[in-house]
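Below is final.csv, holding CSV, C-alpha atoms.
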```csv
chain,number,residue,atom,x,y,z
A,1,MET,CA,56.1,-45.7,-26.7
A,2,THR,CA,52.8,-43.9,-27.3
A,3,LEU,CA,49.9,-43.2,-25.0
A,4,THR,CA,47.1,-45.6,-24.2
A,5,LEU,CA,43.6,-44.6,-25.2
A,6,GLN,CA,42.8,-43.6,-21.6
A,7,GLU,CA,46.0,-41.5,-21.4
A,8,ALA,CA,45.3,-40.0,-24.8
A,9,TRP,CA,41.8,-39.0,-23.7
A,10,GLN,CA,43.2,-37.2,-20.6
A,11,HIS,CA,45.9,-35.6,-22.7
A,12,ILE,CA,43.3,-34.2,-25.2
A,13,GLN,CA,41.1,-32.9,-22.3
A,14,ASN,CA,44.0,-31.2,-20.6
A,15,SER,CA,45.1,-29.6,-23.9
A,16,LEU,CA,41.5,-28.3,-24.5
A,17,LEU,CA,41.1,-27.1,-20.9
A,18,ALA,CA,44.3,-25.0,-21.3
A,19,THR,CA,42.5,-23.0,-24.1
A,20,GLY,CA,39.6,-22.1,-21.8
A,21,ALA,CA,37.3,-24.9,-22.9
A,22,SER,CA,34.7,-26.0,-20.3
A,23,PRO,CA,35.1,-29.4,-18.7
A,24,GLU,CA,32.0,-30.6,-20.6
A,25,GLN,CA,33.3,-29.3,-23.9
A,26,ALA,CA,36.7,-30.8,-23.3
A,27,GLN,CA,35.1,-34.2,-22.4
A,28,SER,CA,32.9,-34.2,-25.5
A,29,GLU,CA,35.6,-33.1,-27.9
A,30,SER,CA,38.1,-35.7,-26.6
A,31,GLY,CA,35.6,-38.4,-27.4
A,32,TRP,CA,34.9,-37.0,-30.9
A,33,ILE,CA,38.6,-36.8,-31.7
A,34,LEU,CA,39.4,-40.3,-30.6
A,35,GLU,CA,36.4,-41.6,-32.5
A,36,TYR,CA,37.6,-39.9,-35.6
A,37,LEU,CA,41.2,-41.3,-35.2
A,38,ARG,CA,40.1,-44.9,-34.5
A,39,GLY,CA,37.0,-45.1,-36.5
A,40,VAL,CA,35.0,-46.6,-33.7
A,41,ASN,CA,32.3,-45.3,-31.3
A,42,GLN,CA,33.0,-44.1,-27.7
A,43,ALA,CA,31.7,-47.4,-26.2
A,44,ALA,CA,34.5,-49.3,-28.1
A,45,LEU,CA,37.0,-46.7,-26.8
A,46,TYR,CA,36.0,-47.4,-23.2
A,47,LEU,CA,36.2,-51.1,-23.7
A,48,ASN,CA,39.7,-50.9,-25.1
A,49,GLU,CA,41.1,-48.0,-23.1
A,50,SER,CA,44.3,-49.8,-22.3
A,51,GLU,CA,45.2,-50.2,-25.9
A,52,ARG,CA,48.0,-47.9,-27.2
A,53,LEU,CA,47.8,-45.6,-30.1
A,54,SER,CA,49.9,-46.6,-33.1
A,55,GLU,CA,52.8,-44.3,-34.1
A,56,SER,CA,50.7,-42.9,-37.0
A,57,GLU,CA,47.7,-42.3,-34.8
A,58,TRP,CA,49.9,-40.5,-32.3
A,59,ALA,CA,51.3,-38.3,-35.0
A,60,GLN,CA,47.8,-37.6,-36.4
A,61,LEU,CA,46.6,-36.7,-32.9
A,62,GLN,CA,49.5,-34.3,-32.4
A,63,ASP,CA,48.7,-32.5,-35.7
A,64,PHE,CA,45.0,-32.5,-34.8
A,65,LEU,CA,45.6,-30.9,-31.4
A,66,TYR,CA,47.9,-28.3,-33.0
A,67,GLN,CA,45.1,-27.3,-35.4
A,68,ARG,CA,42.5,-27.3,-32.6
A,69,THR,CA,44.5,-25.7,-29.7
A,70,VAL,CA,47.1,-23.5,-31.3
A,71,LYS,CA,45.3,-22.4,-34.5
A,72,ARG,CA,42.0,-22.7,-32.7
A,73,ILE,CA,40.1,-24.2,-35.6
A,74,PRO,CA,36.7,-25.4,-34.4
A,75,ILE,CA,36.3,-29.1,-33.9
A,76,GLN,CA,33.4,-29.1,-36.3
A,77,TYR,CA,35.5,-27.8,-39.2
A,78,LEU,CA,38.3,-30.3,-38.4
A,79,LEU,CA,35.8,-33.2,-38.4
A,80,HIS,CA,33.6,-31.7,-41.1
A,81,GLU,CA,30.5,-32.5,-39.1
A,82,ALA,CA,28.2,-30.9,-36.6
A,83,TRP,CA,25.1,-32.3,-34.9
A,84,PHE,CA,21.8,-30.4,-34.9
A,85,TYR,CA,18.4,-31.6,-33.8
A,86,GLY,CA,19.7,-35.2,-33.8
A,87,LEU,CA,21.1,-34.9,-37.4
A,88,LYS,CA,24.7,-34.9,-38.5
A,89,PHE,CA,25.5,-32.0,-40.9
A,90,TYR,CA,28.5,-31.7,-43.1
A,91,VAL,CA,30.2,-28.3,-42.4
A,92,ASN,CA,33.2,-26.4,-43.7
A,93,PRO,CA,34.5,-22.8,-43.2
A,94,TYR,CA,32.1,-21.4,-45.8
A,95,VAL,CA,29.2,-22.0,-43.4
A,96,LEU,CA,28.2,-21.1,-39.8
A,97,ILE,CA,28.4,-24.0,-37.4
A,98,PRO,CA,24.8,-24.9,-36.2
A,99,ARG,CA,24.1,-23.9,-32.6
A,100,PRO,CA,22.0,-25.8,-30.2
A,101,GLU,CA,20.1,-22.6,-29.4
A,102,THR,CA,18.7,-22.5,-33.0
A,103,GLU,CA,16.8,-25.8,-32.3
A,104,LEU,CA,14.2,-23.6,-30.5
A,105,LEU,CA,13.4,-22.0,-33.9
A,106,VAL,CA,12.8,-25.5,-35.4
A,107,GLU,CA,10.4,-26.3,-32.5
A,108,LYS,CA,8.4,-23.1,-33.0
A,109,ALA,CA,8.3,-23.7,-36.8
A,110,LEU,CA,7.0,-27.2,-36.4
A,111,ALA,CA,4.3,-25.9,-34.1
A,112,LEU,CA,3.1,-23.6,-36.9
A,113,LEU,CA,3.4,-25.8,-40.0
A,114,LYS,CA,0.6,-27.8,-41.3
A,115,PRO,CA,0.3,-30.1,-44.4
A,116,GLY,CA,0.2,-28.3,-47.6
A,117,MET,CA,1.9,-25.2,-46.4
A,118,GLN,CA,4.9,-23.5,-48.1
A,119,LEU,CA,8.0,-22.5,-46.1
A,120,LEU,CA,11.0,-20.3,-47.0
A,121,ASP,CA,14.4,-20.4,-45.2
A,122,VAL,CA,16.2,-17.2,-45.8
A,123,GLY,CA,20.0,-17.5,-45.3
A,124,THR,CA,20.0,-21.3,-45.1
A,125,GLY,CA,23.8,-21.8,-44.7
A,126,PRO,CA,24.4,-25.5,-44.6
A,127,GLY,CA,20.7,-26.1,-44.7
A,128,THR,CA,20.3,-26.3,-41.0
A,129,LEU,CA,16.7,-25.1,-40.7
A,130,ALA,CA,15.3,-26.1,-44.1
A,131,LEU,CA,16.7,-29.7,-44.1
A,132,THR,CA,15.9,-30.3,-40.4
A,133,LEU,CA,12.3,-29.3,-41.0
A,134,ALA,CA,12.1,-31.4,-44.2
A,135,HIS,CA,13.5,-34.4,-42.2
A,136,GLN,CA,10.8,-33.9,-39.6
A,137,LEU,CA,7.9,-33.3,-42.0
A,138,GLY,CA,8.7,-35.2,-45.1
A,139,GLN,CA,7.0,-33.9,-48.2
A,140,SER,CA,3.9,-32.7,-46.4
A,141,VAL,CA,5.3,-29.2,-46.5
A,142,SER,CA,6.9,-27.5,-49.5
A,143,ILE,CA,10.3,-26.0,-48.4
A,144,THR,CA,12.4,-23.5,-50.3
A,145,ALA,CA,15.9,-22.4,-49.2
A,146,VAL,CA,17.9,-19.4,-50.3
A,147,ASP,CA,21.3,-17.9,-49.4
A,148,VAL,CA,23.6,-15.2,-50.8
A,149,SER,CA,26.6,-17.5,-50.7
A,150,PRO,CA,27.1,-20.0,-53.6
A,151,GLU,CA,29.6,-21.9,-51.4
A,152,ALA,CA,27.1,-22.2,-48.6
A,153,LEU,CA,24.5,-23.5,-51.0
A,154,GLN,CA,26.9,-26.2,-52.2
A,155,VAL,CA,27.3,-27.3,-48.6
A,156,ALA,CA,23.5,-27.4,-48.3
A,157,ARG,CA,23.3,-29.6,-51.4
A,158,ILE,CA,25.8,-32.0,-49.8
A,159,ASN,CA,23.6,-32.2,-46.7
A,160,GLN,CA,20.4,-32.6,-48.7
A,161,LYS,CA,21.9,-35.6,-50.4
A,162,ARG,CA,23.2,-37.1,-47.1
A,163,LEU,CA,19.9,-36.6,-45.3
A,164,GLY,CA,17.8,-37.7,-48.3
A,165,THR,CA,15.4,-34.7,-47.9
A,166,GLN,CA,13.4,-32.8,-50.4
A,167,VAL,CA,14.1,-29.1,-50.3
A,168,ARG,CA,14.2,-26.6,-53.2
A,169,LEU,CA,17.6,-25.0,-53.1
A,170,LEU,CA,17.6,-21.9,-55.4
A,171,PRO,CA,20.6,-20.2,-57.0
A,172,ALA,CA,22.4,-17.7,-54.8
A,173,GLY,CA,20.9,-14.3,-54.3
A,174,ASP,CA,20.4,-11.6,-51.7
A,175,LEU,CA,17.6,-12.2,-49.2
A,176,PHE,CA,14.3,-12.5,-51.2
A,177,THR,CA,15.8,-11.9,-54.7
A,178,PRO,CA,15.7,-15.6,-55.7
A,179,VAL,CA,12.0,-15.9,-54.8
A,180,ALA,CA,10.7,-12.7,-56.5
A,181,GLY,CA,6.9,-12.8,-56.7
A,182,ALA,CA,6.5,-15.9,-54.5
A,183,GLN,CA,4.6,-16.1,-51.3
A,184,PHE,CA,4.9,-18.4,-48.3
A,185,ASP,CA,2.9,-19.4,-45.2
A,186,LEU,CA,6.0,-19.3,-43.0
A,187,ILE,CA,9.4,-17.6,-43.4
A,188,VAL,CA,12.3,-18.6,-41.1
A,189,SER,CA,15.7,-16.9,-40.8
A,190,ASN,CA,18.8,-16.9,-38.7
A,191,PRO,CA,20.4,-13.7,-40.1
A,192,PRO,CA,23.8,-12.2,-39.2
A,193,TYR,CA,23.2,-10.2,-36.0
A,194,ILE,CA,26.5,-9.8,-34.1
A,195,ASP,CA,27.6,-6.2,-33.9
A,196,ARG,CA,31.0,-5.7,-35.5
A,197,GLY,CA,32.1,-3.8,-32.4
A,198,LEU,CA,31.8,-7.0,-30.4
A,199,LYS,CA,34.3,-8.8,-32.7
A,200,PRO,CA,37.2,-8.6,-30.2
A,201,THR,CA,35.1,-10.3,-27.5
A,202,LEU,CA,34.4,-13.4,-29.6
A,203,THR,CA,36.4,-16.6,-29.1
A,204,PRO,CA,39.2,-17.2,-31.7
A,205,GLU,CA,37.2,-20.2,-33.0
A,206,VAL,CA,34.4,-17.9,-34.0
A,207,ARG,CA,36.2,-14.7,-34.8
A,208,ASP,CA,39.0,-16.2,-36.9
A,209,HIS,CA,37.4,-19.2,-38.5
A,210,GLU,CA,33.6,-18.8,-39.0
A,211,PRO,CA,32.4,-16.9,-42.1
A,212,HIS,CA,32.0,-13.2,-41.3
A,213,ILE,CA,29.2,-12.9,-43.9
A,214,ALA,CA,27.2,-15.3,-41.7
A,215,LEU,CA,28.1,-13.6,-38.4
A,216,PHE,CA,28.1,-9.8,-39.0
A,217,PRO,CA,26.0,-7.3,-40.9
A,218,PRO,CA,27.9,-5.4,-43.6
A,219,ASP,CA,30.5,-2.9,-42.7
A,220,SER,CA,29.1,0.4,-41.2
A,221,GLU,CA,25.8,-1.3,-40.5
A,222,ASP,CA,24.5,-2.1,-37.0
A,223,ALA,CA,23.2,-5.4,-35.6
A,224,TYR,CA,19.6,-4.6,-36.8
A,225,TYR,CA,20.4,-4.2,-40.4
A,226,PHE,CA,18.9,-7.5,-41.6
A,227,TYR,CA,15.9,-7.2,-39.3
A,228,ARG,CA,15.1,-3.8,-40.9
A,229,ARG,CA,15.3,-5.4,-44.3
A,230,LEU,CA,13.3,-8.5,-43.3
A,231,ALA,CA,10.6,-6.3,-41.8
A,232,VAL,CA,10.2,-4.3,-45.0
A,233,ASP,CA,10.7,-7.1,-47.6
A,234,SER,CA,9.0,-10.0,-46.0
A,235,LYS,CA,5.5,-8.5,-46.2
A,236,SER,CA,5.2,-9.1,-50.0
A,237,HIS,CA,6.3,-12.7,-49.6
A,238,LEU,CA,3.9,-13.7,-46.9
A,239,LYS,CA,0.5,-15.1,-47.6
A,240,PRO,CA,-2.5,-13.8,-45.6
A,241,ASN,CA,-2.1,-14.9,-42.0
A,242,GLY,CA,1.5,-15.8,-42.7
A,243,HIS,CA,4.2,-15.8,-40.1
A,244,ILE,CA,7.9,-15.0,-39.9
A,245,LEU,CA,10.3,-16.5,-37.3
A,246,MET,CA,13.8,-15.1,-36.8
A,247,GLU,CA,16.6,-15.9,-34.4
A,248,CYS,CA,18.0,-12.9,-32.6
A,249,GLY,CA,20.6,-12.0,-29.9
A,250,ALA,CA,20.1,-11.3,-26.3
A,251,GLY,CA,18.3,-8.1,-25.6
A,252,MET,CA,17.4,-7.4,-29.2
A,253,GLY,CA,13.7,-8.3,-28.8
A,254,PRO,CA,12.2,-4.9,-28.1
A,255,ASP,CA,14.0,-3.0,-30.9
A,256,ILE,CA,13.1,-5.7,-33.5
A,257,THR,CA,9.5,-5.6,-32.3
A,258,GLN,CA,9.4,-1.9,-33.0
A,259,LEU,CA,10.8,-2.4,-36.5
A,260,PHE,CA,8.0,-4.9,-37.4
A,261,LEU,CA,5.3,-2.7,-35.7
A,262,GLN,CA,6.4,0.1,-38.0
A,263,GLN,CA,5.8,-2.1,-41.0
A,264,GLY,CA,2.3,-3.0,-40.1
A,265,TYR,CA,2.8,-6.4,-38.3
A,266,ASN,CA,0.2,-6.6,-35.6
A,267,GLN,CA,1.2,-9.8,-33.8
A,268,ILE,CA,4.8,-9.8,-32.6
A,269,HIS,CA,6.3,-11.5,-29.6
A,270,THR,CA,9.7,-12.5,-28.3
A,271,ILE,CA,10.4,-16.1,-27.3
A,272,ARG,CA,13.2,-16.6,-24.8
A,273,ASP,CA,15.5,-19.6,-24.8
A,274,TYR,CA,16.1,-22.0,-21.8
A,275,ALA,CA,18.6,-19.5,-20.4
A,276,GLY,CA,16.0,-16.8,-20.3
A,277,LEU,CA,17.5,-14.8,-23.2
A,278,ASP,CA,15.8,-13.3,-26.2
A,279,ARG,CA,16.1,-15.9,-28.9
A,280,ILE,CA,13.2,-15.9,-31.4
A,281,ILE,CA,11.1,-13.1,-32.8
A,282,ALA,CA,7.7,-14.3,-34.1
A,283,ALA,CA,5.6,-11.9,-36.2
A,284,SER,CA,2.5,-12.1,-38.4
A,285,LEU,CA,0.5,-9.6,-40.4
```
Spell out the structure here as structure tokens.
Amino acid sequence: MTLTLQEAWQHIQNSLLATGASPEQAQSESGWILEYLRGVNQAALYLNESERLSESEWAQLQDFLYQRTVKRIPIQYLLHEAWFYGLKFYVNPYVLIPRPETELLVEKALALLKPGMQLLDVGTGPGTLALTLAHQLGQSVSITAVDVSPEALQVARINQKRLGTQVRLLPAGDLFTPVAGAQFDLIVSNPPYIDRGLKPTLTPEVRDHEPHIALFPPDSEDAYYFYRRLAVDSKSHLKPNGHILMECGAGMGPDITQLFLQQGYNQIHTIRDYAGLDRIIAASL
């Protein structure tokens, strides 16, 4: 005899808690997993919590929990979906899973963008920033997105089709190579900024499954590698009075500010997230 939905919910939570997940995370993921298994929303699960899983559902759940709690594959890759700014994105192991913290960058970009402006998303991944902004603004702003990874761009194309947004996704290329000679009113970027020395401190979900090309600078380079390149190369791609917004890690604000000051940027400030940590660097010429 298999478990009831209520028992299955508790079983999943206990399994996740044993991996170190927070109670909130375990609660959320339990609901997502059962929604996926049953093809119904959580309200329907609550209404039918005394129903029992079928034998096939129980077998599928056991396999799912093995992938999630033993192999430590992120739930977003198992479900092939991640929520960001109220939108559902398709994701796979070729792209970084969108983080809630990055929504602050969207908010700051929306505050700067006006009809007729041109925006560039450098390192778009699954299209997180570009497609979210396009969804918010429609066609009032021209949005271009680039990435070094052809596989990531394929994911972005899938998301563009799903969301029905208009974004110019260019062929793969390093940083500004695909937009040589072009200028924009606003550049946004969430570059790889985790120091490789911190790799052992990361959770298995991040360290072993998310794409290292999207997490870490190249081998032998420090956490500021891409910010140095952005500080130098963005100048020729910004229109007069243009801006660049970049996500960064905790405590990185002062050093990134110096990098941009050295390149002639005269308005630079660090925006902290709701936890009080450095999160966004805003700079303009």
Hey, which bits of region 149-208 of chain A sit within 12 Å of region 96-117 of chain A, and for each residue what's the closest pair of atoms and how far apart in Å (one decimal), counting all atoms listed in the file, rows by chain and increasing number, as JSON lines?
```
{"residue": "A:Ser149", "atom": "CA", "partner": "A:Leu96", "partner_atom": "CA", "distance": 11.6}
{"residue": "A:Glu151", "atom": "CA", "partner": "A:Leu96", "partner_atom": "CA", "distance": 11.7}
{"residue": "A:Ala152", "atom": "CA", "partner": "A:Leu96", "partner_atom": "CA", "distance": 8.9}
{"residue": "A:Val155", "atom": "CA", "partner": "A:Leu96", "partner_atom": "CA", "distance": 10.8}
{"residue": "A:Ala156", "atom": "CA", "partner": "A:Leu96", "partner_atom": "CA", "distance": 11.6}
{"residue": "A:Gln183", "atom": "CA", "partner": "A:Met117", "partner_atom": "CA", "distance": 10.7}
{"residue": "A:Phe184", "atom": "CA", "partner": "A:Met117", "partner_atom": "CA", "distance": 7.7}
{"residue": "A:Asp185", "atom": "CA", "partner": "A:Met117", "partner_atom": "CA", "distance": 6.0}
{"residue": "A:Leu186", "atom": "CA", "partner": "A:Leu113", "partner_atom": "CA", "distance": 7.6}
{"residue": "A:Ile187", "atom": "CA", "partner": "A:Ala109", "partner_atom": "CA", "distance": 9.1}
{"residue": "A:Val188", "atom": "CA", "partner": "A:Ala109", "partner_atom": "CA", "distance": 7.8}
{"residue": "A:Ser189", "atom": "CA", "partner": "A:Leu105", "partner_atom": "CA", "distance": 8.9}
{"residue": "A:Asn190", "atom": "CA", "partner": "A:Thr102", "partner_atom": "CA", "distance": 8.0}
{"residue": "A:Pro191", "atom": "CA", "partner": "A:Leu96", "partner_atom": "CA", "distance": 10.8}
{"residue": "A:Pro192", "atom": "CA", "partner": "A:Leu96", "partner_atom": "CA", "distance": 9.9}
{"residue": "A:Glu205", "atom": "CA", "partner": "A:Ile97", "partner_atom": "CA", "distance": 10.5}
{"residue": "A:Val206", "atom": "CA", "partner": "A:Leu96", "partner_atom": "CA", "distance": 9.1}
{"residue": "A:Arg207", "atom": "CA", "partner": "A:Leu96", "partner_atom": "CA", "distance": 11.4}
```
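Omitting region 26-42 of chain A and its sequence neighbours fewer than 6 positions away, and counting only C-alpha atoms, the residues within 7 Å are Trp9, Ile12, Gln13, Leu16, Leu17 and Glu57 of chain A.
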Exercise for the section: Take CA of Asp208 (chain A) and CA of Phe84 (chain A) and report the distance between them in Å, one decimal. Expected result: 22.4 Å
Exercise for the section: Please provide as a PyMOL selection string all residues within 10 Å of Gly138 (chain A), with the sequence filter that same-chain residues fewer than 4 positions apart are discarded (counting all atoms listed in the file). Expected result: chain A and resi 115+131-134+142-143+164-167
Problem - Nearest residue to Lys161 (chain A) from the set A:Tyr90, A:Arg196, A:Asn14, A:Tyr85 (distances using only C-alpha atoms) - result: A:Tyr90
Fill-in result for region 127-138 of chain A, all heavy atoms as an mmCIF file, in the frame of the given file:
```cif
data_model
loop_
_atom_site.group_PDB
_atom_site.id
_atom_site.type_symbol
_atom_site.label_atom_id
_atom_site.label_comp_id
_atom_site.auth_asym_id
_atom_site.auth_seq_id
_atom_site.Cartn_x
_atom_site.Cartn_y
_atom_site.Cartn_z
ATOM 1 N N GLY A 127 22.021 -25.482 -44.657
ATOM 2 C CA GLY A 127 20.700 -26.100 -44.700
ATOM 3 C C GLY A 127 20.096 -26.433 -43.405
ATOM 4 O O GLY A 127 19.120 -27.178 -43.327
ATOM 5 N N THR A 128 20.652 -25.864 -42.356
ATOM 6 C CA THR A 128 20.300 -26.300 -41.000
ATOM 7 C C THR A 128 18.780 -26.285 -40.765
ATOM 8 O O THR A 128 18.221 -27.324 -40.382
ATOM 9 C CB THR A 128 20.940 -25.303 -39.975
ATOM 10 O OG1 THR A 128 22.338 -25.235 -40.228
ATOM 11 C CG2 THR A 128 20.709 -25.801 -38.563
ATOM 12 N N LEU A 129 18.103 -25.165 -40.997
ATOM 13 C CA LEU A 129 16.700 -25.100 -40.700
ATOM 14 C C LEU A 129 15.848 -25.839 -41.735
ATOM 15 O O LEU A 129 14.991 -26.657 -41.404
ATOM 16 C CB LEU A 129 16.233 -23.637 -40.615
ATOM 17 C CG LEU A 129 16.836 -22.815 -39.475
ATOM 18 C CD1 LEU A 129 16.427 -21.346 -39.595
ATOM 19 C CD2 LEU A 129 16.390 -23.371 -38.122
ATOM 20 N N ALA A 130 16.093 -25.555 -43.001
ATOM 21 C CA ALA A 130 15.300 -26.100 -44.100
ATOM 22 C C ALA A 130 15.349 -27.659 -44.064
ATOM 23 O O ALA A 130 14.324 -28.351 -44.151
ATOM 24 C CB ALA A 130 15.738 -25.589 -45.423
ATOM 25 N N LEU A 131 16.552 -28.204 -43.974
ATOM 26 C CA LEU A 131 16.700 -29.700 -44.100
ATOM 27 C C LEU A 131 16.229 -30.353 -42.784
ATOM 28 O O LEU A 131 15.695 -31.464 -42.850
ATOM 29 C CB LEU A 131 18.173 -29.999 -44.331
ATOM 30 C CG LEU A 131 18.702 -29.498 -45.675
ATOM 31 C CD1 LEU A 131 20.186 -29.802 -45.818
ATOM 32 C CD2 LEU A 131 17.927 -30.109 -46.840
ATOM 33 N N THR A 132 16.397 -29.711 -41.630
ATOM 34 C CA THR A 132 15.900 -30.300 -40.400
ATOM 35 C C THR A 132 14.357 -30.369 -40.440
ATOM 36 O O THR A 132 13.759 -31.394 -40.084
ATOM 37 C CB THR A 132 16.332 -29.473 -39.176
ATOM 38 O OG1 THR A 132 17.759 -29.470 -39.118
ATOM 39 C CG2 THR A 132 15.783 -30.065 -37.887
ATOM 40 N N LEU A 133 13.728 -29.294 -40.890
ATOM 41 C CA LEU A 133 12.300 -29.300 -41.000
ATOM 42 C C LEU A 133 11.788 -30.288 -42.027
ATOM 43 O O LEU A 133 10.781 -30.983 -41.821
ATOM 44 C CB LEU A 133 11.768 -27.876 -41.310
ATOM 45 C CG LEU A 133 11.931 -26.861 -40.167
ATOM 46 C CD1 LEU A 133 11.722 -25.440 -40.656
ATOM 47 C CD2 LEU A 133 10.961 -27.187 -39.030
ATOM 48 N N ALA A 134 12.494 -30.403 -43.133
ATOM 49 C CA ALA A 134 12.100 -31.400 -44.200
ATOM 50 C C ALA A 134 12.267 -32.801 -43.618
ATOM 51 O O ALA A 134 11.452 -33.681 -43.917
ATOM 52 C CB ALA A 134 12.998 -31.201 -45.390
ATOM 53 N N HIS A 135 13.283 -33.034 -42.818
ATOM 54 C CA HIS A 135 13.500 -34.400 -42.200
ATOM 55 C C HIS A 135 12.342 -34.691 -41.266
ATOM 56 O O HIS A 135 11.907 -35.845 -41.182
ATOM 57 C CB HIS A 135 14.825 -34.400 -41.490
ATOM 58 C CG HIS A 135 15.201 -35.759 -40.995
ATOM 59 N ND1 HIS A 135 14.851 -36.209 -39.732
ATOM 60 C CD2 HIS A 135 15.873 -36.779 -41.589
ATOM 61 C CE1 HIS A 135 15.311 -37.446 -39.575
ATOM 62 N NE2 HIS A 135 15.932 -37.808 -40.671
ATOM 63 N N GLN A 136 11.846 -33.689 -40.549
ATOM 64 C CA GLN A 136 10.800 -33.900 -39.600
ATOM 65 C C GLN A 136 9.412 -34.077 -40.288
ATOM 66 O O GLN A 136 8.569 -34.858 -39.837
ATOM 67 C CB GLN A 136 10.677 -32.723 -38.626
ATOM 68 C CG GLN A 136 11.859 -32.598 -37.682
ATOM 69 C CD GLN A 136 11.929 -33.729 -36.679
ATOM 70 O OE1 GLN A 136 10.926 -34.074 -36.054
ATOM 71 N NE2 GLN A 136 13.097 -34.335 -36.524
ATOM 72 N N LEU A 137 9.207 -33.346 -41.379
ATOM 73 C CA LEU A 137 7.900 -33.300 -42.000
ATOM 74 C C LEU A 137 7.721 -34.028 -43.283
ATOM 75 O O LEU A 137 6.603 -34.153 -43.799
ATOM 76 C CB LEU A 137 7.528 -31.783 -42.227
ATOM 77 C CG LEU A 137 7.466 -30.909 -40.974
ATOM 78 C CD1 LEU A 137 7.418 -29.443 -41.342
ATOM 79 C CD2 LEU A 137 6.270 -31.289 -40.113
ATOM 80 N N GLY A 138 8.824 -34.532 -43.829
ATOM 81 C CA GLY A 138 8.700 -35.200 -45.100
ATOM 82 C C GLY A 138 8.287 -34.258 -46.212
ATOM 83 O O GLY A 138 8.692 -33.098 -46.236
#
```
